[in-house]
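Peer 1: What follows is a single structure, and I will ask about it in a moment.
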Amino acid sequence: MVPDQLKDHPDAAALEAQFAGAVIGGHAEHNEPTLFLDPTRIVDVCRFLKAQGYVRLSGITAVDWSPADPRFEVVYLLHSIQRNVRLRLKCWVSETECEIDSVTSVWRCADWYEREVFDMFGVRFRNHPDLRRILMPNDWEGHPLRKDYPIHGYKYSYQNE
Amino acid sequence: MRETTLHTDTISAQDADQVISPVEPTKGDIGSGRRMILNMGPQHPSTHGVLRVVLELDGETIIKAVPDIGFLHTGIEKECEAKTWQQTVTLTDRVDYLSNLANNLVYALAVEKLIGDMEIPPKAQWMRVMLAELSRLNSHLVWLGTHALDIGAMTVFFYCFREREDILRILEMFSGQRMMTSYIRIGGLALEPPRGWQQAVGKFIRAFPSKVDEYMELLDSNPIWVRRTQGVGFAPLEDLLDLGVSGPMIRAAGVNWDVRKNEPYSSYDKFDFVVPVRQENDVFARYRVRLEEMRQSTRIITQALEGMPEGAFQAEAQHVVLPEREKMKTQMEALIYHFKIVTEGFRVPAGEVYQAVESPRGEIAYYIVSNGTSKAYRVYMRTPSFGNLQAIPALLEGRLLADSIASLGSMDFVLGDVDR
């Protein structure tokens, strides 16, 4: 359900009308509207929001809230040039499943953003056309931005060695 | 024409012939449908850093372009989680090493928004604007010089670096560093602006507009430059937006969007400037947009120089900003705050914030999550080069190999900004 702070937000209201139950919470800290979404409906919601003017996807990232469960928060940063507004979407992903639908079919730029999240956090994206590491070498073990990954490492990797 | 199978899943750090397997030519087939794999970078002068693009060619035409990044990944986002809030400023310099002050600024603004109860004095805000514009000039000069060098106009390179040297001297005067300035801190500036900065900036800014005319004359009257840039590197605007491109690239395609105007920060709304927009959407238009941006930056710097407010250069926030040296010798409280800030850093209220700034390359934005401690919980850097680079296949595929150099140059990416 839409929280009181966002009752007047046009997109939150439109989402609630279009996809009942997809919005499970949200807040507007620092005047930045944020919606928590049901992860199974992320693609439909994004497609709908893109039609509402959110043509740009500024980025996708994740936050590791270890040891909480669900552990990962996947964050989508939307932007509408036309309306000059921003919107943040969030989905919780548990460590055991660690998978969410890819939004590459909505915005093509999600390709690299999702690869980065996969590389850094190990969250997998279903139906991603080419899900592989982007910044770390292909044979790297572990996901650097997870909280249980050490800041000082001792391993190195050279491919074809 | 025969189809080639692409094995893009093995593309990273492999030999190029392992990345894409070309079709074996049969007898008498040479020149017709014969594909060739070309490995461009990571050590190629026109990639401006360690970018690797694997190209599949049919004759001179690029059939497929696959960018391969990550060579300069240094884990800055991870390191931000291990440093105190103020220490992280020095890391932001190293992300985009051509426009450090834009990075300093976006980080400082984001953290200040999280802290909330802090009023940045007008002088610091104007100084930030002036320095951010100087670093925009610095970045555009490096871009123009190297871009022209790639296309064969060598003279411009020397002219641009001559002016860039002046800017670096000014930055050194302010911060003591030519490139890794870390001059914009949380709560204001690092130091009081140095004595005589007005003269140094004034001298530079009076001479600079004629220099921009000079570059334009050099390039526009160069028929090679014009023919190698006009009509080259076109991609439909919808594709560019869908691929995450921002900044001068889309302003050269007719989108009037600039974070400085649309979401003003740090007193940009008090300055009079125009956002240059063009419709042609080719390499030439991007060049003209950036050149016009240099002129507008000059205007902003002139206004900042003439109207610079008096007052403090740091906020009145003793729990964040280090106290003056003199106060520490006379006031117990100042000494305690100094000790606390230096040893454990200051705490930032829990919450999350997204702050965008117009960097020379496009929208740079930091998404910062705090859990109420003296270190960031998560710092996500939305860097413009990373977004822009996804447009490489759209700009290169189906075009001539020779044009790829012009197209890549017109994107103006910094690999540090891509890989972080």
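Residues are referred to by chain and number: the chain letter is A, B, ... according to the order shown in the structure tokens, the number counts from 1 in that chain, and ligands are numbered separately from 1 in the order shown.
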Starting from chain B, keep only residues with some atom at most 6 Å from an atom of chain A, counting only C-alpha atoms, and report them as JSON, numbers by chain.
Peer 2: {"B": [70, 78, 242, 243, 244]}
Peer 1: I'd like the neighbourhood of Leu87 in chain A as JSON, numbers by chain, where a residue qualifies if any of its atoms comes within 9 Å (using only C-alpha atoms), though same-chain residues fewer than 2 positions away should be ignored.
Peer 2: {"A": [11, 32, 33, 34, 35, 54, 76, 77, 78, 79, 80, 85, 89]}
Peer 1: Between B:Ala365, B:Ala82, B:Ile336, B:Val232, which residue has the minimum interatomic distance to Leu401 in chain B, considering only C-alpha atoms?
Peer 2: B:Val232
Peer 1: Enumerate, as a ChimeraX atom specification, the complete set of residues in chain A that a backbone-based DSSP assignment places in strand (DSSP E or B).
Peer 2: /A:23-27,34-37,56-64,72-80,85-93,99-101,124-126
Peer 1: Where does DSSP see alpha helix (DSSP H) in chain A, if you list the residues as a ChimeraX atom specification?
Peer 2: /A:10-18,42-51,110-121
Peer 1: Taking N, CA and C atoms for each residue, export the selection above as a PDB file, in the first residue's frame.
Peer 2:
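Final output, part18.pdb:
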ATOM      1  N   PRO A  10       1.520  11.577  -7.996  1.00  0.00           N
ATOM      2  CA  PRO A  10       0.690  11.072  -9.099  1.00  0.00           C
ATOM      3  C   PRO A  10       1.058   9.651  -9.537  1.00  0.00           C
ATOM      4  N   ASP A  11       2.339   9.335  -9.551  1.00  0.00           N
ATOM      5  CA  ASP A  11       2.732   8.024 -10.046  1.00  0.00           C
ATOM      6  C   ASP A  11       2.394   6.928  -9.054  1.00  0.00           C
ATOM      7  N   ALA A  12       2.542   7.241  -7.766  1.00  0.00           N
ATOM      8  CA  ALA A  12       2.191   6.252  -6.753  1.00  0.00           C
ATOM      9  C   ALA A  12       0.702   5.923  -6.849  1.00  0.00           C
ATOM     10  N   ALA A  13      -0.108   6.968  -7.022  1.00  0.00           N
ATOM     11  CA  ALA A  13      -1.550   6.747  -7.132  1.00  0.00           C
ATOM     12  C   ALA A  13      -1.885   5.954  -8.390  1.00  0.00           C
ATOM     13  N   ALA A  14      -1.231   6.318  -9.507  1.00  0.00           N
ATOM     14  CA  ALA A  14      -1.486   5.619 -10.765  1.00  0.00           C
ATOM     15  C   ALA A  14      -1.076   4.152 -10.667  1.00  0.00           C
ATOM     16  N   LEU A  15       0.057   3.907 -10.006  1.00  0.00           N
ATOM     17  CA  LEU A  15       0.516   2.531  -9.847  1.00  0.00           C
ATOM     18  C   LEU A  15      -0.469   1.727  -9.010  1.00  0.00           C
ATOM     19  N   GLU A  16      -0.960   2.357  -7.948  1.00  0.00           N
ATOM     20  CA  GLU A  16      -1.892   1.674  -7.062  1.00  0.00           C
ATOM     21  C   GLU A  16      -3.169   1.306  -7.830  1.00  0.00           C
ATOM     22  N   ALA A  17      -3.587   2.229  -8.713  1.00  0.00           N
ATOM     23  CA  ALA A  17      -4.804   1.962  -9.474  1.00  0.00           C
ATOM     24  C   ALA A  17      -4.572   0.870 -10.522  1.00  0.00           C
ATOM     25  N   GLN A  18      -3.407   0.915 -11.140  1.00  0.00           N
ATOM     26  CA  GLN A  18      -3.128  -0.006 -12.246  1.00  0.00           C
ATOM     27  C   GLN A  18      -2.743  -1.397 -11.748  1.00  0.00           C
ATOM     28  N   ILE A  42       8.079  -6.172 -11.092  1.00  0.00           N
ATOM     29  CA  ILE A  42       8.952  -5.043 -11.405  1.00  0.00           C
ATOM     30  C   ILE A  42       8.912  -4.682 -12.892  1.00  0.00           C
ATOM     31  N   VAL A  43       8.881  -5.697 -13.770  1.00  0.00           N
ATOM     32  CA  VAL A  43       8.956  -5.398 -15.207  1.00  0.00           C
ATOM     33  C   VAL A  43       7.696  -4.666 -15.663  1.00  0.00           C
ATOM     34  N   ASP A  44       6.527  -5.137 -15.232  1.00  0.00           N
ATOM     35  CA  ASP A  44       5.279  -4.476 -15.632  1.00  0.00           C
ATOM     36  C   ASP A  44       5.221  -3.051 -15.103  1.00  0.00           C
ATOM     37  N   VAL A  45       5.629  -2.898 -13.849  1.00  0.00           N
ATOM     38  CA  VAL A  45       5.598  -1.564 -13.248  1.00  0.00           C
ATOM     39  C   VAL A  45       6.528  -0.624 -14.004  1.00  0.00           C
ATOM     40  N   CYS A  46       7.735  -1.108 -14.333  1.00  0.00           N
ATOM     41  CA  CYS A  46       8.690  -0.259 -15.045  1.00  0.00           C
ATOM     42  C   CYS A  46       8.172   0.109 -16.426  1.00  0.00           C
ATOM     43  N   ARG A  47       7.561  -0.863 -17.097  1.00  0.00           N
ATOM     44  CA  ARG A  47       7.049  -0.561 -18.433  1.00  0.00           C
ATOM     45  C   ARG A  47       5.963   0.513 -18.345  1.00  0.00           C
ATOM     46  N   PHE A  48       5.134   0.384 -17.329  1.00  0.00           N
ATOM     47  CA  PHE A  48       4.068   1.374 -17.129  1.00  0.00           C
ATOM     48  C   PHE A  48       4.667   2.748 -16.833  1.00  0.00           C
ATOM     49  N   LEU A  49       5.689   2.782 -15.952  1.00  0.00           N
ATOM     50  CA  LEU A  49       6.277   4.074 -15.576  1.00  0.00           C
ATOM     51  C   LEU A  49       7.004   4.705 -16.750  1.00  0.00           C
ATOM     52  N   LYS A  50       7.605   3.889 -17.593  1.00  0.00           N
ATOM     53  CA  LYS A  50       8.273   4.457 -18.766  1.00  0.00           C
ATOM     54  C   LYS A  50       7.252   5.169 -19.648  1.00  0.00           C
ATOM     55  N   ALA A  51       6.081   4.571 -19.774  1.00  0.00           N
ATOM     56  CA  ALA A  51       5.021   5.216 -20.550  1.00  0.00           C
ATOM     57  C   ALA A  51       4.530   6.494 -19.875  1.00  0.00           C
ATOM     58  N   ALA A 110      19.671  -0.845 -19.022  1.00  0.00           N
ATOM     59  CA  ALA A 110      19.696  -1.712 -17.839  1.00  0.00           C
ATOM     60  C   ALA A 110      20.706  -2.844 -18.014  1.00  0.00           C
ATOM     61  N   ASP A 111      21.051  -3.145 -19.251  1.00  0.00           N
ATOM     62  CA  ASP A 111      22.007  -4.209 -19.539  1.00  0.00           C
ATOM     63  C   ASP A 111      23.260  -4.110 -18.672  1.00  0.00           C
ATOM     64  N   TRP A 112      23.977  -3.015 -18.795  1.00  0.00           N
ATOM     65  CA  TRP A 112      25.231  -2.896 -18.045  1.00  0.00           C
ATOM     66  C   TRP A 112      24.992  -2.674 -16.560  1.00  0.00           C
ATOM     67  N   TYR A 113      23.942  -1.917 -16.240  1.00  0.00           N
ATOM     68  CA  TYR A 113      23.668  -1.665 -14.820  1.00  0.00           C
ATOM     69  C   TYR A 113      23.401  -2.979 -14.096  1.00  0.00           C
ATOM     70  N   GLU A 114      22.644  -3.863 -14.741  1.00  0.00           N
ATOM     71  CA  GLU A 114      22.335  -5.136 -14.098  1.00  0.00           C
ATOM     72  C   GLU A 114      23.561  -6.035 -14.050  1.00  0.00           C
ATOM     73  N   ARG A 115      24.361  -5.958 -15.087  1.00  0.00           N
ATOM     74  CA  ARG A 115      25.602  -6.739 -15.048  1.00  0.00           C
ATOM     75  C   ARG A 115      26.486  -6.272 -13.903  1.00  0.00           C
ATOM     76  N   GLU A 116      26.495  -4.962 -13.669  1.00  0.00           N
ATOM     77  CA  GLU A 116      27.317  -4.450 -12.573  1.00  0.00           C
ATOM     78  C   GLU A 116      26.796  -4.951 -11.230  1.00  0.00           C
ATOM     79  N   VAL A 117      25.481  -4.925 -11.046  1.00  0.00           N
ATOM     80  CA  VAL A 117      24.910  -5.411  -9.789  1.00  0.00           C
ATOM     81  C   VAL A 117      25.208  -6.898  -9.627  1.00  0.00           C
ATOM     82  N   PHE A 118      25.092  -7.647 -10.716  1.00  0.00           N
ATOM     83  CA  PHE A 118      25.416  -9.071 -10.647  1.00  0.00           C
ATOM     84  C   PHE A 118      26.876  -9.270 -10.264  1.00  0.00           C
ATOM     85  N   ASP A 119      27.747  -8.496 -10.880  1.00  0.00           N
ATOM     86  CA  ASP A 119      29.177  -8.623 -10.639  1.00  0.00           C
ATOM     87  C   ASP A 119      29.521  -8.284  -9.187  1.00  0.00           C
ATOM     88  N   MET A 120      28.933  -7.211  -8.694  1.00  0.00           N
ATOM     89  CA  MET A 120      29.326  -6.682  -7.384  1.00  0.00           C
ATOM     90  C   MET A 120      28.565  -7.331  -6.228  1.00  0.00           C
ATOM     91  N   PHE A 121      27.330  -7.789  -6.474  1.00  0.00           N
ATOM     92  CA  PHE A 121      26.518  -8.320  -5.382  1.00  0.00           C
ATOM     93  C   PHE A 121      26.087  -9.780  -5.582  1.00  0.00           C
TER      94      PHE A 121
END
Peer 1: Can you list, as a list in words, every protein, DNA or RNA residue that comes within 7 Å of range 183-188 of chain B when you count only C-alpha atoms, leaving out same-chain residues fewer than 3 positions away?
Peer 2: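 Contacts, in chain order: Gln86, Val89, Leu101, Asn104, Leu105, Ala108, Val111, Glu112, Ile120, Ala124, Arg128, Ser175, Phe313, Gln314, Ala315, Val320 and Val321 of chain B.
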Peer 1: Please, could you write that set of residues out with C-alpha atoms as a compact mmCIF listing (two decimals), in the first residue's frame?
Peer 2:
# COMPACT_ATOMS: atom_id res chain seq x y z
CA GLN B 86 35.37 13.41 5.04
CA VAL B 89 36.37 13.22 -0.61
CA LEU B 101 35.79 19.32 -8.61
CA ASN B 104 33.97 16.64 -5.01
CA LEU B 105 30.90 18.82 -5.38
CA ALA B 108 29.72 17.09 -0.68
CA VAL B 111 26.35 14.27 2.33
CA GLU B 112 25.25 17.79 3.26
CA ILE B 120 26.54 26.49 3.29
CA ALA B 124 31.45 28.80 -0.50
CA ARG B 128 32.11 25.91 -5.75
CA SER B 175 44.28 23.61 -3.30
CA PHE B 313 34.06 29.72 3.40
CA GLN B 314 32.77 27.00 5.72
CA ALA B 315 29.45 26.31 7.37
CA VAL B 320 31.31 18.61 10.98
CA VAL B 321 33.77 21.37 10.13
Peer 1: For a test of reading the model, state the distance in Å between CA of Ile205 in chain B and CA of Arg136 in chain B, rounded to one decimal.
Peer 2: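 We find that CA of Ile205 in chain B and CA of Arg136 in chain B lie 13.5 Å from each other.
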